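So this block is input_33.cif, mmCIF, C-alpha atoms:
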```cif
data_upload
#
loop_
_atom_site.label_atom_id
_atom_site.label_comp_id
_atom_site.auth_asym_id
_atom_site.auth_seq_id
_atom_site.Cartn_x
_atom_site.Cartn_y
_atom_site.Cartn_z
CA MET A 1 23.24 -43.65 28.31
CA VAL A 2 20.64 -42.08 30.63
CA ALA A 3 22.91 -39.07 31.11
CA LYS A 4 23.20 -38.69 27.31
CA TYR A 5 19.39 -38.59 26.94
CA ALA A 6 19.08 -36.19 29.87
CA ILE A 7 21.56 -33.81 28.24
CA ARG A 8 19.68 -34.06 24.93
CA ILE A 9 16.37 -33.26 26.62
CA ILE A 10 17.89 -30.31 28.48
CA LEU A 11 19.40 -29.02 25.22
CA VAL A 12 16.04 -29.30 23.41
CA LEU A 13 14.31 -27.42 26.24
CA VAL A 14 16.96 -24.67 26.35
CA ILE A 15 16.95 -24.20 22.56
CA GLY A 16 13.15 -24.16 22.62
CA ARG A 17 13.18 -21.39 25.22
CA ILE A 18 15.72 -19.32 23.26
CA THR A 19 13.65 -19.63 20.06
CA GLU A 20 10.50 -18.69 21.95
CA SER A 21 12.05 -15.60 23.51
CA SER A 22 13.46 -14.31 20.20
CA SER A 23 10.10 -14.48 18.42
CA GLN A 24 7.37 -12.03 19.32
CA SER A 25 3.62 -12.06 18.99
CA ILE A 26 1.70 -8.87 18.38
CA TYR A 27 -1.91 -8.71 19.55
CA LEU A 28 -3.84 -5.74 18.18
CA GLU A 29 -7.04 -4.81 19.91
CA PHE A 30 -10.01 -4.45 17.58
CA ASP A 31 -13.27 -2.97 18.82
CA HIS A 32 -15.78 -2.41 16.05
CA SER A 33 -18.18 -0.59 18.40
CA SER A 34 -15.57 1.95 19.46
CA ASP A 35 -15.86 5.64 18.48
CA GLU A 36 -12.08 6.07 18.38
CA LYS A 37 -10.70 7.98 15.39
CA CYS A 38 -7.48 8.19 13.42
CA TYR A 39 -6.43 11.08 11.29
CA THR A 40 -4.85 11.30 7.89
CA SER A 41 -4.01 14.08 5.46
CA SER A 42 -3.22 14.28 1.77
CA THR A 43 -1.97 17.86 1.95
CA PRO A 44 -0.48 19.80 4.89
CA ASN A 45 -3.76 21.74 5.27
CA GLU A 46 -6.23 18.93 4.79
CA LYS A 47 -6.67 16.77 7.86
CA GLU A 48 -9.37 14.17 8.21
CA LEU A 49 -10.59 12.13 11.15
CA TYR A 50 -12.04 8.73 10.35
CA SER A 51 -13.08 5.59 12.25
CA LYS A 52 -10.20 3.68 13.74
CA PHE A 53 -11.80 0.26 13.24
CA SER A 54 -13.61 -1.17 10.24
CA LYS A 55 -14.22 -4.66 9.08
CA LYS A 56 -15.65 -6.44 6.07
CA GLU A 57 -15.88 -9.87 4.57
CA LYS A 58 -15.24 -10.99 0.99
CA GLY A 59 -15.78 -14.70 0.41
CA ASP A 60 -13.75 -16.61 2.97
CA ILE A 61 -11.51 -13.62 3.81
CA GLN A 62 -12.17 -11.15 6.62
CA PHE A 63 -10.54 -7.73 6.29
CA PHE A 64 -9.77 -5.84 9.50
CA ARG A 65 -8.70 -2.22 9.20
CA ILE A 66 -7.07 -0.32 12.07
CA CYS A 67 -6.34 3.26 11.02
CA MET A 68 -4.66 2.88 7.62
CA GLU A 69 -3.37 -0.63 8.19
CA GLU A 70 -5.24 -3.63 6.90
CA PHE A 71 -5.10 -7.26 8.02
CA THR A 72 -6.64 -10.35 6.48
CA TYR A 73 -7.91 -13.47 8.14
CA ILE A 74 -8.62 -16.50 6.00
CA GLN A 75 -11.37 -18.80 7.16
CA GLY A 76 -9.83 -21.92 8.68
CA ASP A 77 -6.67 -20.26 9.99
CA TYR A 78 -6.02 -20.09 13.73
CA CYS A 79 -8.75 -18.36 15.73
CA ASP A 80 -9.73 -18.78 19.38
CA VAL A 81 -11.68 -17.09 22.16
CA LYS A 82 -9.47 -15.90 25.03
CA LYS A 83 -9.84 -14.07 28.30
CA ARG A 84 -9.10 -10.39 27.71
CA ASN A 85 -6.87 -10.25 30.78
CA ASN A 86 -4.63 -12.97 29.38
CA VAL A 87 -3.79 -11.00 26.23
CA LYS A 88 -1.04 -8.39 26.16
CA PHE A 89 -2.15 -5.78 23.63
CA SER A 90 0.16 -3.85 21.33
CA SER A 91 -0.54 -0.59 19.55
CA ILE A 92 -0.08 0.17 15.84
CA ALA A 93 3.06 2.10 16.86
CA ASP A 94 4.37 -1.11 18.48
CA LEU A 95 3.64 -2.93 15.22
CA TYR A 96 5.74 -0.40 13.27
CA ALA A 97 8.56 -0.79 15.81
CA TYR A 98 8.33 -4.57 15.43
CA GLU A 99 8.53 -4.19 11.64
CA ASP A 100 11.67 -2.05 12.04
CA LYS A 101 13.16 -4.78 14.22
CA VAL A 102 12.43 -7.43 11.59
CA LEU A 103 13.88 -5.22 8.83
CA ALA A 104 17.03 -4.50 10.85
CA LYS A 105 17.49 -8.21 11.51
CA LYS A 106 17.21 -8.95 7.79
CA ALA A 107 19.58 -6.14 6.71
CA LYS A 108 23.04 -7.38 5.78
CA ASN A 109 26.03 -5.57 4.45
CA ASP A 110 26.19 -7.78 1.37
CA GLY A 111 25.50 -5.33 -1.47
CA VAL A 112 21.90 -6.43 -1.67
CA ILE A 113 18.81 -4.78 -0.21
CA HIS A 114 16.34 -7.12 1.42
CA ILE A 115 12.85 -5.74 1.00
CA ILE A 116 10.40 -7.50 3.26
CA PHE A 117 6.72 -7.47 2.50
CA ARG A 118 4.54 -6.99 5.55
CA SER A 119 2.67 -10.18 4.80
CA GLU A 120 5.93 -12.04 5.52
CA ILE A 121 5.97 -10.78 9.11
CA ASP A 122 4.66 -13.57 11.24
CA SER A 123 2.79 -13.78 14.53
CA ILE A 124 0.35 -10.90 14.18
CA PHE A 125 -3.04 -11.39 15.78
CA ILE A 126 -6.22 -9.36 15.85
CA ALA A 127 -8.02 -9.59 19.20
CA GLU A 128 -11.62 -8.62 18.48
CA ARG A 129 -13.62 -7.50 21.49
CA ILE A 130 -16.55 -9.79 22.30
CA ASP A 131 -17.38 -8.24 25.68
CA ASP A 132 -15.54 -6.74 28.68
CA GLU A 133 -14.00 -10.09 29.54
CA SER A 134 -13.28 -11.90 26.31
CA VAL A 135 -11.80 -11.43 22.86
CA LYS A 136 -11.76 -13.50 19.69
CA VAL A 137 -8.18 -13.89 18.52
CA TYR A 138 -7.45 -14.29 14.80
CA LYS A 139 -4.04 -15.03 13.26
CA VAL A 140 -3.83 -12.48 10.46
CA SER A 141 -1.65 -11.39 7.60
CA TRP A 142 -0.59 -7.71 7.48
CA VAL A 143 -1.40 -6.31 4.04
CA HIS A 144 1.55 -4.54 2.39
CA LYS A 145 0.19 -1.36 0.81
CA ILE A 146 0.96 2.17 -0.18
CA GLU A 147 -1.18 5.19 -1.12
CA MET B 1 -15.76 -13.89 -11.08
CA PRO B 2 -13.34 -11.15 -12.19
CA THR B 3 -13.70 -9.93 -15.75
CA LEU B 4 -10.88 -8.94 -18.08
CA LEU B 5 -10.36 -5.55 -19.64
CA PRO B 6 -10.53 -6.14 -23.40
CA GLU B 7 -7.12 -4.58 -24.10
CA ASP B 8 -5.03 -6.58 -21.68
CA GLU B 9 -5.14 -9.53 -19.42
CA ILE B 10 -5.66 -7.58 -16.22
CA PHE B 11 -8.27 -8.45 -13.66
CA THR B 12 -11.05 -6.16 -12.65
CA ASP B 13 -13.10 -6.77 -9.53
CA PRO B 14 -16.89 -6.63 -9.98
CA SER B 15 -16.83 -3.42 -7.88
CA PHE B 16 -14.79 -1.77 -10.66
CA VAL B 17 -16.59 -3.01 -13.76
CA GLY B 18 -18.74 -0.43 -15.53
CA THR B 19 -17.80 2.41 -13.19
CA LYS B 20 -16.32 5.82 -13.99
CA ALA B 21 -12.92 4.44 -12.90
CA ASP B 22 -13.26 1.55 -15.37
CA CYS B 23 -14.18 3.99 -18.16
CA ILE B 24 -11.16 6.21 -17.37
CA CYS B 25 -8.86 3.18 -17.19
CA GLU B 26 -10.02 2.05 -20.65
CA ARG B 27 -9.57 5.59 -22.02
CA LEU B 28 -6.05 5.67 -20.58
CA LEU B 29 -5.23 2.34 -22.18
CA ALA B 30 -6.54 3.59 -25.52
CA SER B 31 -4.78 6.98 -25.42
CA SER B 32 -1.45 6.39 -23.70
CA GLU B 33 1.09 3.95 -25.08
CA GLY B 34 3.13 4.52 -21.91
CA PHE B 35 0.30 3.46 -19.62
CA LYS B 36 -0.58 0.51 -21.84
CA GLY B 37 3.06 -0.59 -21.82
CA MET B 38 3.16 -0.47 -18.03
CA ILE B 39 -0.01 -2.54 -17.73
CA GLN B 40 1.22 -5.10 -20.26
CA LYS B 41 4.12 -5.95 -17.94
CA PHE B 42 1.48 -7.60 -15.74
CA ASP B 43 0.29 -9.85 -18.53
CA GLY B 44 -0.51 -13.13 -16.83
CA GLU B 45 1.44 -15.26 -19.30
CA PHE B 46 4.85 -13.64 -18.89
CA SER B 47 4.84 -11.63 -15.68
CA VAL B 48 5.61 -12.65 -12.11
CA SER B 49 2.49 -10.77 -11.01
CA ASN B 50 -0.98 -9.97 -12.20
CA ILE B 51 -2.76 -6.73 -11.46
CA LYS B 52 -6.31 -6.31 -10.23
CA PHE B 53 -8.37 -3.10 -10.13
CA SER B 54 -11.17 -2.58 -7.62
CA LEU B 55 -13.10 0.11 -5.73
CA GLU B 56 -12.99 0.40 -1.93
CA ASP B 57 -15.63 2.00 0.26
CA ASN B 58 -13.73 2.10 3.56
CA LEU B 59 -10.94 4.55 2.75
CA PRO B 60 -10.76 8.03 4.28
CA ASN B 61 -11.74 10.86 1.92
CA THR B 62 -8.17 12.13 1.74
CA THR B 63 -7.06 8.85 0.16
CA ASN B 64 -7.61 8.70 -3.61
CA GLY B 65 -6.33 5.16 -3.97
CA GLU B 66 -3.90 2.55 -2.74
CA THR B 67 -1.80 -0.31 -4.07
CA SER B 68 -1.37 -3.54 -2.14
CA VAL B 69 0.57 -6.76 -2.55
CA ILE B 70 -2.30 -9.22 -2.19
CA SER B 71 0.01 -12.19 -2.79
CA PRO B 72 3.38 -12.58 -4.59
CA GLY B 73 1.40 -13.23 -7.76
CA LEU B 74 -1.23 -10.51 -7.43
CA ILE B 75 -0.99 -6.77 -6.91
CA GLY B 76 -4.20 -4.88 -6.19
CA ILE B 77 -5.03 -1.29 -7.05
CA SER B 78 -8.04 0.15 -5.21
CA LEU B 79 -9.64 3.50 -5.84
CA ASN B 80 -11.74 5.28 -3.24
CA GLN B 81 -15.37 4.72 -4.22
CA ASN B 82 -16.69 7.36 -1.79
CA ILE B 83 -15.08 10.29 -3.57
CA LEU B 84 -14.92 8.95 -7.12
CA GLY B 85 -18.06 10.72 -8.41
CA GLY B 86 -16.84 14.16 -7.34
CA ARG B 87 -13.38 13.85 -8.86
CA THR B 88 -12.28 15.09 -12.27
CA ASN B 89 -11.48 12.55 -14.98
CA LEU B 90 -7.95 13.90 -15.10
CA GLY B 91 -7.61 13.45 -11.32
CA VAL B 92 -8.79 9.84 -11.50
CA ALA B 93 -6.44 9.18 -14.44
CA ARG B 94 -3.57 10.59 -12.39
CA THR B 95 -4.43 8.28 -9.48
CA LEU B 96 -4.58 5.25 -11.81
CA ILE B 97 -1.15 6.12 -13.22
CA HIS B 98 0.34 6.84 -9.78
CA GLU B 99 -0.92 3.54 -8.35
CA THR B 100 0.17 1.57 -11.44
CA ILE B 101 3.71 2.91 -10.99
CA HIS B 102 3.62 1.65 -7.38
CA ALA B 103 2.46 -1.71 -8.75
CA GLU B 104 5.31 -1.71 -11.26
CA MET B 105 7.84 -0.99 -8.49
CA TYR B 106 6.43 -3.87 -6.43
CA ARG B 107 6.50 -6.13 -9.49
CA LYS B 108 10.21 -5.43 -9.95
CA VAL B 109 10.96 -6.23 -6.30
CA LEU B 110 8.86 -9.40 -6.44
CA SER B 111 10.67 -10.50 -9.59
CA MET B 112 13.89 -10.55 -7.52
CA GLY B 113 12.29 -12.36 -4.57
CA GLY B 114 12.67 -9.20 -2.47
CA GLN B 115 16.47 -9.15 -2.80
CA VAL B 116 17.68 -6.39 -5.10
CA SER B 117 21.29 -5.65 -5.96
CA ILE B 118 22.59 -2.49 -7.60
CA ASN B 119 22.89 -4.43 -10.87
CA ASP B 120 19.27 -5.54 -10.83
CA PHE B 121 17.46 -2.24 -10.35
CA PRO B 122 19.92 0.57 -9.50
CA GLY B 123 17.14 3.09 -8.79
CA ILE B 124 15.30 0.86 -6.33
CA TYR B 125 18.59 -0.14 -4.69
CA ASP B 126 19.66 3.47 -4.27
CA TYR B 127 16.31 4.83 -3.06
CA TYR B 128 15.71 1.99 -0.61
CA ARG B 129 19.17 2.51 0.89
CA ARG B 130 18.58 6.25 1.21
CA TYR B 131 14.92 6.42 2.20
CA ALA B 132 14.07 2.94 3.57
CA LYS B 133 10.28 2.55 3.79
CA ASN B 134 9.64 5.84 1.89
CA TRP B 135 11.64 4.71 -1.15
CA GLN B 136 8.73 4.43 -3.56
CA HIS B 137 7.35 7.96 -3.18
CA GLU B 138 10.82 9.50 -3.11
CA GLN B 139 11.83 7.68 -6.28
CA MET B 140 8.55 8.47 -8.01
CA ALA B 141 8.87 12.18 -7.10
CA ALA B 142 12.42 12.29 -8.44
CA TYR B 143 12.04 10.25 -11.63
CA TYR B 144 8.42 9.70 -12.63
CA VAL B 145 6.81 13.17 -12.56
CA ASP B 146 7.56 13.66 -16.28
CA VAL B 147 6.41 10.11 -17.08
CA ILE B 148 3.07 10.78 -15.34
CA GLY B 149 2.85 14.18 -17.07
CA GLU B 150 3.25 12.62 -20.53
CA MET B 151 0.59 9.98 -19.86
CA LEU B 152 -1.82 12.64 -18.60
CA GLN B 153 -1.21 14.79 -21.66
CA ASP B 154 -2.01 11.81 -23.92
CA PHE B 155 -5.14 11.07 -21.89
CA ASP B 156 -6.32 14.69 -22.04
CA ASN B 157 -5.71 14.93 -25.80
CA TYR B 158 -3.11 17.70 -25.41
CA SER B 159 -5.74 20.24 -24.23
CA GLN B 160 -3.15 22.11 -22.13
CA ASN B 161 0.57 22.69 -22.40
CA TYR B 162 2.90 19.96 -21.10
CA GLN B 163 3.94 21.94 -18.01
CA PHE B 164 0.39 21.79 -16.68
CA TYR B 165 0.36 17.98 -16.74
CA GLU B 166 3.81 17.66 -15.21
CA ASP B 167 2.77 20.03 -12.42
CA PHE B 168 -0.44 18.10 -11.84
CA ALA B 169 1.57 14.86 -11.52
CA TRP B 170 2.84 16.13 -8.14
CA VAL B 171 -0.49 15.34 -6.43
CA GLY B 172 0.17 12.53 -3.94
CA LEU B 173 3.92 12.92 -4.35
CA TYR B 174 5.03 16.23 -2.91
CA TYR B 175 3.67 15.32 0.52
CA PHE B 176 2.98 11.77 1.66
CA ASN B 177 2.47 9.46 4.60
CA ASP B 178 5.86 8.97 6.25
CA ASN B 179 6.26 5.22 6.52
CA ASN B 180 9.47 5.59 8.49
CA ALA B 181 7.78 7.69 11.17
CA GLY B 182 4.57 5.69 11.52
CA PRO B 183 0.86 6.43 11.24
CA GLY B 184 -0.38 10.02 11.10
CA ASN B 185 3.05 11.40 10.21
CA HIS B 186 3.69 13.01 6.86
CA THR B 187 6.70 14.28 5.03
CA TYR B 188 7.68 16.30 1.97
CA ALA B 189 9.55 14.54 -0.84
CA GLN B 190 13.19 15.52 -1.23
CA ALA B 191 12.61 16.31 -4.92
CA TRP B 192 9.87 18.74 -3.86
CA ASN B 193 12.15 20.42 -1.34
CA ASP B 194 14.73 20.84 -4.12
CA LEU B 195 12.34 22.94 -6.24
CA GLN B 196 12.39 26.75 -6.20
CA GLU B 197 9.63 28.33 -4.12
CA SER B 198 8.18 29.96 -7.26
CA GLU B 199 7.90 26.50 -8.90
CA GLN B 200 6.24 25.06 -5.80
CA ASN B 201 3.69 27.88 -5.80
CA ARG B 202 2.89 27.37 -9.49
CA ILE B 203 2.48 23.61 -8.96
CA LYS B 204 0.20 24.09 -5.94
CA ILE B 205 -2.20 26.19 -8.03
CA VAL B 206 -2.22 23.60 -10.83
CA MET B 207 -2.80 20.74 -8.37
CA THR B 208 -5.87 22.48 -6.93
CA ASN B 209 -7.23 23.38 -10.38
CA GLY B 210 -6.71 19.90 -11.81
CA GLU B 211 -8.52 18.25 -8.91
CA ASN B 212 -11.48 20.67 -8.96
CA ASN B 213 -11.96 21.92 -12.53
CA GLY B 214 -12.67 19.75 -15.53
CA SER B 215 -15.02 17.04 -16.69
CA LYS B 216 -16.22 14.61 -14.02
CA ILE B 217 -18.21 12.38 -16.33
CA CYS B 218 -16.70 9.58 -18.39
CA ASN B 219 -18.61 7.90 -21.16
#
```
Write-out of the structure in C-alpha cells:
Amino acid sequence: MVAKYAIRIILVLVIGRITESSSQSIYLEFDHSSDEKCYTSSTPNEKELYSKFSKKEKGDIQFFRICMEEFTYIQGDYCDVKKRNNVKFSSIADLYAYEDKVLAKKAKNDGVIHIIFRSEIDSIFIAERIDDESVKVYKVSWVHKIE
Amino acid sequence: MPTLLPEDEIFTDPSFVGTKADCICERLLASSEGFKGMIQKFDGEFSVSNIKFSLEDNLPNTTNGETSVISPGLIGISLNQNILGGRTNLGVARTLIHETIHAEMYRKVLSMGGQVSINDFPGIYDYYRRYAKNWQHEQMAAYYVDVIGEMLQDFDNYSQNYQFYEDFAWVGLYYFNDNNAGPGNHTYAQAWNDLQESEQNRIKIVMTNGENNGSKICN
C-alpha cells in the first residue's frame, strides 16, 4: 500500500517536472527611461528611429510597447516585484523564436492550417525596471497585429 | 463610451470621433459599396467579430495604421494620429481600406476558430502554407490591389483613370515588415517582384504623388 502511494507521488513529481521543462516563460525587459531606439521603414529608402519603450494606460489596461510589439496587462492579473538578478531576460528576437516554436508544435499534416493568435501564447511577462536591483513583473498578453 | 457610425454598427473610439479619419471613413462608407459591404460583415448581430476604429499617438511616423485582434470578438483598426493632418484624404482612405481588408482576413480566420482547411478559405489556406506569417500582405498584394483600386476610385469620384488608383493601392503592400524574419526586417511582395520593371517605376511615381498631392482637408 505504502509502496503504491510512493510510486504515485514519484510519478506526479516526474510528470510535473516534464511539464515544467516543456513550457517556457519569456521575460522582456522594459525600461521607460531608456534612450534605446528601434528602427522601422515603410519604403526601402525611408528609415525611422523611434523610442524602443513606450507605455500608456486606458481604463484598467496598461499597454506596453517594445519596438513594434505591444503587450497588455489587465489590472488584477499576476504582477510582482522581483530582484533583477533573479530574472532571466529575453529579447524580442527570442520572443519571435519562441512564437516559431509554438507554431511548429501546433502544425500538423492534417490538411488544416492552424493559425495561432499571439494572444494565445502563454507565459509572457514584462519586467519593468524599478531601479538597478528590482523589477516589477507583469503577466501580459501579446497583441496580435499587422500594419 | 464608444459611439456608433450612423451607417453601420461599428464602434469608434472617442479618439476617432469627429476627426479627419472619421470624416474620411464616413465618406468611404457613403461612396463605396465595396467598402460598405466589407464593414457590414462586422455587424454585431451576425458577425463573429466587431470592428473598432481609433487613433494612436505612439506609432512611428512610417506607420500609417495597424490592425489588431483585441479579443476573438473585437478587431481594432488604429490610424497614426501624429501624421494624420499631413496626409492626403486619398492616402487616409487607402489606409482605412488596407486595414479593413486585414480585419476581414482576421475575421475569416476567427470564424473557423483558427483552423482553416482548403475548403473553408482556399486563398488563406494556400497563402498561409506558402508564406507563413507574411500570408496576409502576400495575399493582399496578389488579389486585392484591384479591389482597393476600385474603392479608391469610388471615393475620389472618378477624378483620375482607374490605373492611377490601382497603382496607388500598392502603398503598404509592395514592401512590408517581414514577420518571418523578425523586427526591423522588410521584404518585397512576390506579386511586386512579378511585375515588369517599367510597371514598378510607374507605380512608384503614383505612390509618391498620391501620398503628397491632393486635398488634406475633409469636411
Counting all atoms listed in the file, the residue of B:Asp194, B:Asp57, B:Glu66, B:Asp43 that sits nearest chain A: B:Glu66
With the file shown as input, list the residues that the PyMOL selection byres ((chain B) within 6 of (chain A)) selects, as a short mmCIF file (atom, residue, chain, number, x, y, z; two decimals) with C-alpha atoms, in the coordinates of the input.
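Written file, result.cif:
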```cif
data_model
loop_
_atom_site.label_atom_id
_atom_site.label_comp_id
_atom_site.auth_asym_id
_atom_site.auth_seq_id
_atom_site.Cartn_x
_atom_site.Cartn_y
_atom_site.Cartn_z
CA THR B 62 -8.17 12.13 1.74
CA GLY B 65 -6.33 5.16 -3.97
CA GLU B 66 -3.90 2.55 -2.74
CA THR B 67 -1.80 -0.31 -4.07
CA SER B 68 -1.37 -3.54 -2.14
CA VAL B 69 0.57 -6.76 -2.55
CA GLY B 114 12.67 -9.20 -2.47
CA GLN B 115 16.47 -9.15 -2.80
CA VAL B 116 17.68 -6.39 -5.10
CA SER B 117 21.29 -5.65 -5.96
CA GLY B 184 -0.38 10.02 11.10
#
```
Determine, counting all atoms listed in the file, which protein, DNA and RNA residues have an atom within 10 Å of an atom of B:Leu28; residues of the same chain fewer than 4 positions away are not included. Present the result as a PDB file with C-alpha atoms, in the coordinates of the input.
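Final file, result_31.pdb:
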```pdb
ATOM      1  CA  ASP B  22     -13.260   1.550 -15.370  1.00  0.00           C
ATOM      2  CA  CYS B  23     -14.180   3.990 -18.160  1.00  0.00           C
ATOM      3  CA  ILE B  24     -11.160   6.210 -17.370  1.00  0.00           C
ATOM      4  CA  SER B  32      -1.450   6.390 -23.700  1.00  0.00           C
ATOM      5  CA  GLU B  33       1.090   3.950 -25.080  1.00  0.00           C
ATOM      6  CA  GLY B  34       3.130   4.520 -21.910  1.00  0.00           C
ATOM      7  CA  PHE B  35       0.300   3.460 -19.620  1.00  0.00           C
ATOM      8  CA  LYS B  36      -0.580   0.510 -21.840  1.00  0.00           C
ATOM      9  CA  ALA B  93      -6.440   9.180 -14.440  1.00  0.00           C
ATOM     10  CA  ARG B  94      -3.570  10.590 -12.390  1.00  0.00           C
ATOM     11  CA  LEU B  96      -4.580   5.250 -11.810  1.00  0.00           C
ATOM     12  CA  ILE B  97      -1.150   6.120 -13.220  1.00  0.00           C
ATOM     13  CA  MET B 151       0.590   9.980 -19.860  1.00  0.00           C
ATOM     14  CA  LEU B 152      -1.820  12.640 -18.600  1.00  0.00           C
ATOM     15  CA  ASP B 154      -2.010  11.810 -23.920  1.00  0.00           C
ATOM     16  CA  PHE B 155      -5.140  11.070 -21.890  1.00  0.00           C
ATOM     17  CA  ASP B 156      -6.320  14.690 -22.040  1.00  0.00           C
TER      18      ASP B 156
END
```
Residues in the PyMOL selection byres ((chain B and resi 84) around 10), expressed as a PyMOL selection string: chain B and resi 19-21+55+61+64-65+79-83+85-89+91-92+216
Residue selection dump (C-alpha atoms) as a JSON list (two decimals), keeping the file's coordinate frame:
```
[["chain", "number", "residue", "atom", "x", "y", "z"],
["B", 19, "THR", "CA", -17.80, 2.41, -13.19],
["B", 20, "LYS", "CA", -16.32, 5.82, -13.99],
["B", 21, "ALA", "CA", -12.92, 4.44, -12.90],
["B", 55, "LEU", "CA", -13.10, 0.11, -5.73],
["B", 61, "ASN", "CA", -11.74, 10.86, 1.92],
["B", 64, "ASN", "CA", -7.61, 8.70, -3.61],
["B", 65, "GLY", "CA", -6.33, 5.16, -3.97],
["B", 79, "LEU", "CA", -9.64, 3.50, -5.84],
["B", 80, "ASN", "CA", -11.74, 5.28, -3.24],
["B", 81, "GLN", "CA", -15.37, 4.72, -4.22],
["B", 82, "ASN", "CA", -16.69, 7.36, -1.79],
["B", 83, "ILE", "CA", -15.08, 10.29, -3.57],
["B", 85, "GLY", "CA", -18.06, 10.72, -8.41],
["B", 86, "GLY", "CA", -16.84, 14.16, -7.34],
["B", 87, "ARG", "CA", -13.38, 13.85, -8.86],
["B", 88, "THR", "CA", -12.28, 15.09, -12.27],
["B", 89, "ASN", "CA", -11.48, 12.55, -14.98],
["B", 91, "GLY", "CA", -7.61, 13.45, -11.32],
["B", 92, "VAL", "CA", -8.79, 9.84, -11.50],
["B", 216, "LYS", "CA", -16.22, 14.61, -14.02]]
```
Expansion of the PyMOL selection byres ((chain A and resi 74) around 8) into residues, as a VMD selection string: chain A and resid 60 to 62 72 to 73 75 to 77 140
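Residues within 10 Å of B:Gln139, counting only C-alpha atoms and excluding same-chain residues fewer than 4 positions away, are B:Met105, B:Gly123, B:Ile124, B:Asp126, B:Tyr127, B:Tyr128, B:Tyr131, B:Asn134, B:Trp135, B:Tyr143, B:Tyr144, B:Val145, B:Leu173, B:Ala189, B:Gln190, B:Ala191.
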Pairwise distance for atom CA of B:Leu90 and atom CA of B:Gln136, rounded to one decimal in Å: 22.4 Å
Selected residue, from A:Glu57, A:Asp31, A:Asp132, A:Glu36, that lies nearest to A:Asn85 when counting all atoms listed in the file: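 That would be A:Asp132, the residue with the smallest distance to A:Asn85.
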